[in-house]
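A short write-up of the structure that comes next.
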Amino acid sequence: MSVTEPPGPLMDRDEVDRALARLDAEHEAIETSLLALQDHAGRRLLEGAKLTGVTEERWAAAENRITLLWAYFDAYAGALRAARELRARRRWPGREELAELTELLRGRSVTVAGGSASGASPSLTGGPAKLTERFTLEELVARMNDLYAHSLDVVVAADAVWSALPARIDLLAAELARTRQLAHSVGVRPGEHPSGDDLERITRSLTALREQVISDPLAFWQRAEGSSAPGGGRAHTDRYDREARALEEVRREIEAVLTVRQDAEARLGRLRDVLSRADRTLAEARNARGEVLAKIAASEVPAVSGPPTALQEQLALASDYRRNAQWHRLSPLLESLEEKAEEELVRARESLTAVTAPLAVRAELRGRLDAYKAKVARHGHAEDPLLIERYDAARRMLWSAPCDLRVAEEAVLRYQRAAAELFAPRVPQQGGTADRREEA
């Protein structure tokens with residue numbers, strides 16, 4: 001048998017044995033990896049799933065690579081077996097045998113049929129498929145490592161998405177079912193409440209999301225930047241997270257409605273009390289207005305409105321909602337009524353204050369007049385004729401009806417000035433003493 005010129009220097013026996021030992025170890029490692037890939041749960045799922053989209057495309061390419069990978073491995077194993085058999089012929093191989101071993105171990109001695117891989121090109125660069133290709137054992141190992149890494153990347157990525165998302169979607173769907181049941185119990189239904197419509201939309205979205213995750217997991221895979229390791233990345237959960245947040249918002253709304261159901265009677269009672277106080281205050285203001293018009297002359301008294309019938313009607317509607325367990329409608333109505341009832345009570349109090357202002361002015365003048373009279377008495381001037389005259393004039397005006405507040409205030413001021421003159425020290429003047437009191 002003619003022997004081709006060996007590639008490079010002729011290997012000696014020790015070099016051949018070391019090369020065979022290294023190649024045997026690589027053979028074992030590659031075989032272990034291939035068997036692990038064959039048994040990988042992600043691969044079994046991919047083989048049994050009805051795939052769509054990017055996953056269908058990438059898995060079809062990965063299957064071709066795996067088929068080609070096994071063809072390469074068989075060729076590698078056959079070449080390595082031939083080299084081992086040749087080395088086993090003699091303990092001390094001759095030159096021809098060493099030349100043949102050098103060719104087997106270092107030369108392009110491995111021929112692979114390109115058409116054996118279901119039409120896949122042995123090249124990963126997208127070049128045209130070749131009928132056959134020749135490799136050295138080292139080149140073949142490098143090619144197998146490349147094919148393995150690309151195939152494993154698809155399998156690991158799909159398995160990672162399937163392991164992460166469907167279970168989370170199922171948990172969220174279970175929470176969604178509980179929320180829907182709770183929503184139904186408080187009257188939050190589709191077409192009747194926005195949160196009921198939101199629950200329907202979330203249900204449809206989660207169903208579609210789960211179907212897509214199962215059929216196209218790689219559409220949800222985000223590769224880690226700068227990572228070249230197979231499966232380097234994570235499942236992106238943007239759509240899932242968005243629906244989880246939407247469900248949380250709906251759940252808070254349902255909890256608010258539940259709170260309304262629990263507190264409805266107490267809140268309705270407080271509302272009735274506030275509106276009742278507003279009615280009583282307005283009634284008091286109307287009575288006070290009549291009194292002011294009768295007792296105070298030349299005074300502009302503001303009109304007093306009637307009871308808030310619109311609020312009473314809304315309060316009756318709120319009671320109907322409670323009786324019919326329409327909590328989703330009762331909730332916003334109660335919030336609006338509570339705000340309006342407080343405003344109505346404030347308005348009623350302001351109305352009463354505005355109406356009774358003239359009476360308050362009269363009361364203040366009466367109090368001031370009596371206070372000055374008491375002060376005059378303490379200073380021993382209770383019998384002063386001028387003060388008695390001015391006090392009686394002011395009192396008649398303040399205790400008569402109708403009372404002219406402007407004239408009454410002038411009378412009180414005259415009494416105050418007369419008292420102040422009396423309290424002031426008298427200053428001696430030339431030609432006698434001068435009395436600083438104003439003449440009557």
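Ordering of the structure tokens sets the chain letters (A, B, ...); residue numbers start at 1 within each chain; ligands are numbered from 1 in the order shown.
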Skip segment 11-15 of chain A itself and residues of its chain fewer than 5 positions away, then list as a VMD selection string all residues within 8 Å of it, counting only C-alpha atoms. chain A and resid 92 to 93 98 to 99 101 to 102
Mind checking which residues fall within 12 Å of His328 of chain A, counting only C-alpha atoms, ignoring those fewer than 4 positions away in the same chain, and posting them as a PyMOL selection string? chain A and resi 183-190+192-196+253-261+264+318+321-322+324+332-335
What does the distance from atom CA of Ala394 of chain A to atom CA of Ala411 of chain A come to in Å, to one decimal?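 It comes out at 4.9 Å.
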For Leu315 of chain A, which of A:Pro217, A:Gly232, A:Gly269, A:Gly290 is the closest residue, counting only C-alpha atoms? A:Gly269
Residues of segment 3-243 of chain A in helix (DSSP H, G or I) according to DSSP, as a ChimeraX atom specification? /A:13-39,41-48,53-88,95-106,114-116,137-185,194-215,217-220,238-243
Residues near segment 138-145 of chain A, cut-off 8 Å, only C-alpha atoms, skip fewer than 6 positions along chain, as a compact mmCIF listing (two decimals) with C-alpha atoms, in the first residue's frame:
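Dumped everything to selection-v7.txt:
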# COMPACT_ATOMS: atom_id res chain seq x y z
CA LEU A 69 -22.93 16.45 14.46
CA TYR A 72 -19.11 14.02 12.16
CA PHE A 73 -18.79 12.07 15.38
CA TYR A 76 -14.25 10.96 13.94
CA ARG A 106 -2.47 15.14 11.66
Point out the residue among A:Val161, A:Glu265, A:Gln312, A:Leu51 with the least atom-to-atom distance to Ala325 of chain A, counting only C-alpha atoms. A:Glu265
Could you name the residues that touch Glu342 of chain A at 12 Å or less, counting only C-alpha atoms, but leaving out those on the same chain fewer than 2 positions away, as a ChimeraX atom specification? /A:270-278,311,335-340,344-349
Written file, previous selection with C-alpha atoms, as a PDB file, in the first residue's frame:
ATOM      1  CA  ARG A 270     -72.616  59.362  58.976  1.00  0.00           C
ATOM      2  CA  LEU A 271     -73.909  60.870  55.742  1.00  0.00           C
ATOM      3  CA  ARG A 272     -77.470  61.044  57.100  1.00  0.00           C
ATOM      4  CA  ASP A 273     -76.147  62.698  60.250  1.00  0.00           C
ATOM      5  CA  VAL A 274     -74.147  65.330  58.330  1.00  0.00           C
ATOM      6  CA  LEU A 275     -77.074  66.147  56.034  1.00  0.00           C
ATOM      7  CA  SER A 276     -79.431  66.284  59.014  1.00  0.00           C
ATOM      8  CA  ARG A 277     -77.139  68.782  60.770  1.00  0.00           C
ATOM      9  CA  ALA A 278     -77.002  70.842  57.587  1.00  0.00           C
ATOM     10  CA  LEU A 311     -78.229  65.242  47.966  1.00  0.00           C
ATOM     11  CA  GLU A 335     -67.104  59.191  48.047  1.00  0.00           C
ATOM     12  CA  SER A 336     -68.889  61.947  46.118  1.00  0.00           C
ATOM     13  CA  LEU A 337     -71.694  62.232  48.687  1.00  0.00           C
ATOM     14  CA  GLU A 338     -69.289  62.466  51.629  1.00  0.00           C
ATOM     15  CA  GLU A 339     -67.487  65.368  50.022  1.00  0.00           C
ATOM     16  CA  LYS A 340     -70.700  67.173  49.023  1.00  0.00           C
ATOM     17  CA  GLU A 344     -73.273  71.504  52.426  1.00  0.00           C
ATOM     18  CA  LEU A 345     -72.768  71.613  56.192  1.00  0.00           C
ATOM     19  CA  VAL A 346     -70.086  74.296  55.829  1.00  0.00           C
ATOM     20  CA  ARG A 347     -72.394  76.301  53.541  1.00  0.00           C
ATOM     21  CA  ALA A 348     -75.261  76.041  56.037  1.00  0.00           C
ATOM     22  CA  ARG A 349     -73.045  77.258  58.889  1.00  0.00           C
TER      23      ARG A 349
END
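One distance worth recording is that between atom CA of Lys375 of chain A and atom CA of Leu387 of chain A, which is 11.8 Å.
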Residues near segment 412-417 of chain A, cut-off 9 Å, only C-alpha atoms, skip fewer than 2 positions along chain, as a ChimeraX atom specification: /A:365-366,368-369,372,386-391,393-395,407-410,419-422,437-438
Point-to-point distance from atom CA of Glu284 of chain A to atom CA of Pro302 of chain A, Å rounded to tenths: 13.8 Å
Residues within 9 Å of segment 33-38 of chain A, please, as an MDAnalysis selection string. Count only C-alpha atoms; anything in the same chain fewer than 5 positions from it doesn't count. chainID A and resid 28 43:44 66 69:70 148 151:152 155
